[in-house]
Amino acid sequence: MVSLHGVQLATHLISSFYGDLCSKVCECLLRRGTLTLAQIIRFTELSRENVINCLRVLIHQNCVQAFAIQQEGAFGEAPRIITQYMALFDNMIHKMRAPKFMQIVSEELGKDVGSSDVHVVRESFNRLLIARFIERCPAPEPFLAPPADGETPAKKRGAKSAKIGEERQTTEQRALAAAAPMDSMRFLMEMDDLSEEKSEECTNSVTVGEKRKQDVLKSDEDVLDADKKKEVLWRVNFEELVRRLRHKACISYVKTRINDEAAIVLSAMLELSRHSETWQKAENSAYLSINAIYDEVIKKEGGLGMDFERIRASLEQLGCQCLETGVESVVLRRYGREAYRIFRLLSKAGRFLESDKISDTTFVEKKDTIKILYKLWKDDYLHMEKVMTSGAKQSLFLLWRVNKEPLREHVLDEMYHAALNLRLRIAHEQDKGKEILQLPREKLVGELEKRYKLLGKVRVILESSLMNLDEAIMLFHDF
């Protein structure tokens with residue numbers, strides 16, 4: 001379930017890109033969950049035409065996934081097929097990461113991928129496909145057959161569903177797994193696609209974007225038309241781009257905390273295991289031999305002079321290092337050094353600790369310890385239990401521990417709230433200074449020039465803060 005401020009941030013992004021009507025439909029799906037067309041119309045109080053148009057846009061932009069299920073009919077009636085719609089929250093949030101994604105592509109493939117030349121576009125497309133920056137679009141409306149008695153729903157489908165398949169899936173998870181193309185087809189360019197490209201080059205009648213729109217923008221009743229020719233459609237592979245950001249963050253962390261050689265070794269290992277990662281948040285990489293790591297290390301800048309002994313030493317250093325949860329740094333900035341020591345102790349312990357034990361271990365005065373613990377508990381960073389001892393003299397003990405998963409969700413929601421506020425502030429500053437920004441450069445003199453420069457500085461600070469905050473959001477949610 002998406003948090004309150006996560007919903008607000010997502011709807012703000014949709015409103016900024018696609019308008020208020022799409023934002024209203026998006027908010028309805030995020031707050032209420034998967035709905036049918038009739039339910040969306042009822043809850044949003046929009047006209048049928050407006051809702052259908054909004055769903056077309058949101059499906060086209062990979063923000064909504066449609067799927068069909070079989071619904072039992074009333075007494076004496078046959079079952080019927082209905083279409084339901086689910087919001088894709090992660091894809092909505094990715095909208096504000098476009099500059100980061102473009103930077104990754106430019107660094108690896110060069111800036112010519114944005115050229116409008118036909119031959120350059122075709123070559124760029126092939127390079128994007130080889131790098132797995134693009135993938136085949138999911139099925140526009142997969143049908144979910146009702147599971148047989150005793151059968152676990154949705155076995156198979158591909159890499160994206162491998163992790164989900166470990167537990168019993170929800171209907172939404174089954175829909176995503178059913179819509180995802182099989183691994184053998186996900187990055188496959190068929191000969192039919194190449195022949196179609198050649199014919200398009202001659203006719204220049206339909207653009208790639210128009211083909212995507214024509215295939216997806218259909219009414220609720222005629223999406224599943226098997227008689228119509230199915231074209232191969234492509235989209236940005238957010239999973240691969242987020243994985244690259246994750247690897248980049250890990251390498252940067254190791255470089256800062258250990259040394260450059262350890263960062264080179266980690267970079268080589270991540271490169272070798274990149275295609276074997278079957279899930280975006282994979283906790284363990286594939287097993288790698290020291291020879292394979294060495295062969296990749298010497299290809300890296302600064303790795304040519306490294307031998308097996310130095311690589312083994314770096315591997316030992318990597319084995320004893322672990323990434324901070326990120327929550328500790330938040331506690332340090334918000335509550336101070338003593339609160340940080342207390343929270344870190346509880347986080348490492350992973351169990352209940354008594355107030356006096358916490359005070360003695362962290363060397364914080366008992367009075368201050370209780371005050372800090374209560375503040376962290378009040379802000380949902382800690383869980384508290386009261387224990388009363390029985391006997392001649394009854395005593396009350398307060399036990400404390402960190403609830404890591406609820407805490408992660410709480411901090412993530414606060415980050416969504418901060419990101420929303422930053423985007424609103426950026427929009428406010430642009431609106432406040434639009435008159436100055438529209439003036440010709442030659443008229444920006446004296447006081448107007450000072451205000452123009454100040455607006456520029458404020459915007460740079462706000463946008464930099466938003467980018468840094470988004471990196472923290474990805475650490476909690478995507479990494």
# chains A, B, ... in the order shown; residues from 1 in each chain; ligands from 1

call {"tool": "residues_around", "arguments": {"residues": "Leu58 of chain A", "least_positions_apart": "3", "cutoff": "9 Å", "atoms": "only C-alpha atoms", "output": "number ranges by chain"}}
result
A: 14, 18, 22, 26, 53-55, 61-65, 87

call {"tool": "residues_around", "arguments": {"residues": "segment 296-306 of chain A", "least_positions_apart": "3", "cutoff": "12 Å", "atoms": "only C-alpha atoms", "output": "list in words"}}
result
Asp260, Glu261, Ala262, Ala263, Ile264, Val265, Leu266, Ser267, Ala268, Met269, Leu270, Glu271, Leu272, Ser273, Leu288, Ser289, Ile290, Asn291, Ala292, Ile293, Glu309, Arg310, Ile311, Arg312, Ala313 and Ser314 of chain A

call {"tool": "residues_around", "arguments": {"residues": "Glu240 of chain A", "least_positions_apart": "3", "cutoff": "10 Å", "atoms": "only C-alpha atoms", "output": "tab-separated table (two decimals) with C-alpha atoms, in the first residue's frame"}}
result
chain	number	residue	atom	x	y	z
A	101	PHE	CA	18.44	8.11	-16.64
A	131	ALA	CA	22.55	-2.44	-23.23
A	132	ARG	CA	19.03	-3.42	-22.09
A	133	PHE	CA	18.00	0.19	-21.62
A	134	ILE	CA	14.80	-0.59	-23.54
A	135	GLU	CA	12.55	-3.66	-23.52
A	236	VAL	CA	12.27	2.33	-21.34
A	237	ASN	CA	13.56	-0.44	-19.07
A	243	ARG	CA	20.11	-1.22	-11.30
A	244	ARG	CA	22.83	0.96	-12.86
A	245	LEU	CA	22.13	3.69	-10.30
A	246	ARG	CA	22.26	1.11	-7.53
A	274	ARG	CA	24.80	-7.71	-14.06
A	275	HIS	CA	22.97	-9.93	-16.55
A	279	TRP	CA	15.58	-9.21	-9.66
A	280	GLN	CA	16.19	-5.49	-9.18

call {"tool": "atom_distance", "arguments": {"atom1": "atom CA of Ala10 of chain A", "atom2": "atom CA of Phe89 of chain A"}}
result
7.0 Å

call {"tool": "atom_distance", "arguments": {"atom1": "atom CA of Arg174 of chain A", "atom2": "atom CA of Leu21 of chain A"}}
result
28.3 Å

call {"tool": "closest_residue", "arguments": {"among": "A:Ser16, A:Ala249, A:Leu376, A:Ile342", "to": "Thr361 of chain A", "atoms": "only C-alpha atoms"}}
result
A:Ile342

call {"tool": "atom_distance", "arguments": {"atom1": "atom CA of Leu9 of chain A", "atom2": "atom CA of Tyr416 of chain A"}}
result
6.3 Å

call {"tool": "closest_residue", "arguments": {"among": "A:Ile104, A:Leu233, A:Met96, A:Ala175", "to": "Ile473 of chain A", "atoms": "only C-alpha atoms"}}
result
A:Met96

call {"tool": "residues_around", "arguments": {"residues": "Gly6 of chain A", "least_positions_apart": "5", "cutoff": "12 Å", "atoms": "only C-alpha atoms", "output": "JSON, numbers by chain"}}
result
{"A": [1, 11, 12, 13, 27, 30, 31, 89, 90, 92, 93, 409, 410, 411, 412, 413, 414, 415, 416, 417, 418, 419, 420, 421, 473, 477]}

call {"tool": "write_last_selection", "arguments": {"atoms": "N, CA, C and O atoms", "output": "tab-separated table (two decimals), in the first residue's frame"}}
result
chain	number	residue	atom	x	y	z
A	1	MET	N	0.85	-1.19	0.00
A	1	MET	CA	0.00	0.00	0.00
A	1	MET	C	0.88	1.25	0.00
A	1	MET	O	1.84	1.34	0.77
A	11	THR	N	0.68	11.92	-7.56
A	11	THR	CA	-0.39	12.67	-8.23
A	11	THR	C	0.10	14.05	-8.66
A	11	THR	O	-0.32	14.56	-9.71
A	12	HIS	N	1.00	14.65	-7.88
A	12	HIS	CA	1.57	15.93	-8.29
A	12	HIS	C	2.40	15.77	-9.57
A	12	HIS	O	2.32	16.62	-10.48
A	13	LEU	N	3.18	14.69	-9.64
A	13	LEU	CA	3.98	14.45	-10.84
A	13	LEU	C	3.09	14.23	-12.06
A	13	LEU	O	3.34	14.78	-13.14
A	27	GLU	N	-4.91	9.38	-8.70
A	27	GLU	CA	-5.11	9.42	-7.25
A	27	GLU	C	-6.18	8.43	-6.82
A	27	GLU	O	-6.05	7.76	-5.79
A	30	LEU	N	-4.59	4.96	-6.85
A	30	LEU	CA	-3.59	4.79	-5.80
A	30	LEU	C	-4.24	4.66	-4.42
A	30	LEU	O	-3.79	3.87	-3.58
A	31	ARG	N	-5.30	5.42	-4.19
A	31	ARG	CA	-5.94	5.40	-2.86
A	31	ARG	C	-6.87	4.20	-2.69
A	31	ARG	O	-6.96	3.63	-1.61
A	89	PHE	N	2.79	2.68	-9.25
A	89	PHE	CA	3.36	3.79	-8.47
A	89	PHE	C	4.83	4.04	-8.81
A	89	PHE	O	5.25	5.18	-9.00
A	90	ASP	N	5.63	2.98	-8.88
A	90	ASP	CA	7.06	3.16	-9.13
A	90	ASP	C	7.32	3.87	-10.45
A	90	ASP	O	8.20	4.74	-10.54
A	92	MET	N	5.43	6.00	-11.90
A	92	MET	CA	5.08	7.42	-11.75
A	92	MET	C	6.22	8.19	-11.11
A	92	MET	O	6.57	9.29	-11.55
A	93	ILE	N	6.83	7.61	-10.06
A	93	ILE	CA	7.93	8.29	-9.38
A	93	ILE	C	9.15	8.40	-10.30
A	93	ILE	O	9.91	9.36	-10.22
A	409	GLU	N	9.36	2.35	6.22
A	409	GLU	CA	8.20	2.92	5.55
A	409	GLU	C	7.89	4.32	6.05
A	409	GLU	O	7.51	5.20	5.28
A	410	HIS	N	8.08	4.52	7.37
A	410	HIS	CA	7.82	5.84	7.96
A	410	HIS	C	8.79	6.89	7.41
A	410	HIS	O	8.39	7.99	7.01
A	411	VAL	N	10.08	6.54	7.38
A	411	VAL	CA	11.09	7.48	6.89
A	411	VAL	C	10.89	7.73	5.39
A	411	VAL	O	11.04	8.86	4.91
A	412	LEU	N	10.54	6.67	4.64
A	412	LEU	CA	10.29	6.83	3.20
A	412	LEU	C	9.12	7.77	2.96
A	412	LEU	O	9.17	8.62	2.06
A	413	ASP	N	8.07	7.67	3.76
A	413	ASP	CA	6.93	8.57	3.62
A	413	ASP	C	7.34	10.01	3.90
A	413	ASP	O	6.89	10.95	3.22
A	414	GLU	N	8.20	10.22	4.90
A	414	GLU	CA	8.70	11.58	5.18
A	414	GLU	C	9.51	12.12	4.00
A	414	GLU	O	9.45	13.32	3.69
A	415	MET	N	10.26	11.24	3.36
A	415	MET	CA	11.04	11.67	2.19
A	415	MET	C	10.12	12.04	1.03
A	415	MET	O	10.39	13.02	0.31
A	416	TYR	N	9.07	11.26	0.81
A	416	TYR	CA	8.10	11.62	-0.22
A	416	TYR	C	7.50	13.01	0.07
A	416	TYR	O	7.30	13.82	-0.83
A	417	HIS	N	7.20	13.25	1.34
A	417	HIS	CA	6.62	14.54	1.75
A	417	HIS	C	7.60	15.67	1.44
A	417	HIS	O	7.23	16.72	0.89
A	418	ALA	N	8.88	15.45	1.78
A	418	ALA	CA	9.90	16.48	1.52
A	418	ALA	C	10.08	16.71	0.02
A	418	ALA	O	10.22	17.85	-0.43
A	419	ALA	N	10.05	15.62	-0.78
A	419	ALA	CA	10.19	15.76	-2.23
A	419	ALA	C	9.02	16.54	-2.83
A	419	ALA	O	9.19	17.38	-3.72
A	420	LEU	N	7.81	16.27	-2.32
A	420	LEU	CA	6.64	17.01	-2.78
A	420	LEU	C	6.77	18.48	-2.46
A	420	LEU	O	6.51	19.35	-3.30
A	421	ASN	N	7.20	18.80	-1.24
A	421	ASN	CA	7.38	20.20	-0.84
A	421	ASN	C	8.42	20.91	-1.70
A	421	ASN	O	8.25	22.08	-2.07
A	473	ILE	N	15.72	8.50	-1.48
A	473	ILE	CA	14.48	7.75	-1.70
A	473	ILE	C	14.78	6.43	-2.40
A	473	ILE	O	14.25	5.38	-2.04
A	477	HIS	N	13.83	2.74	-1.21
A	477	HIS	CA	12.75	2.07	-1.93
A	477	HIS	C	13.22	1.14	-3.04
A	477	HIS	O	12.67	0.05	-3.22

call {"tool": "residues_around", "arguments": {"residues": "Ile41 of chain A", "least_positions_apart": "5", "cutoff": "9 Å", "atoms": "only C-alpha atoms", "output": "list in words"}}
result
Val25, Thr36, Leu46, Ser47, Arg48, Asn50 and Val51 of chain A
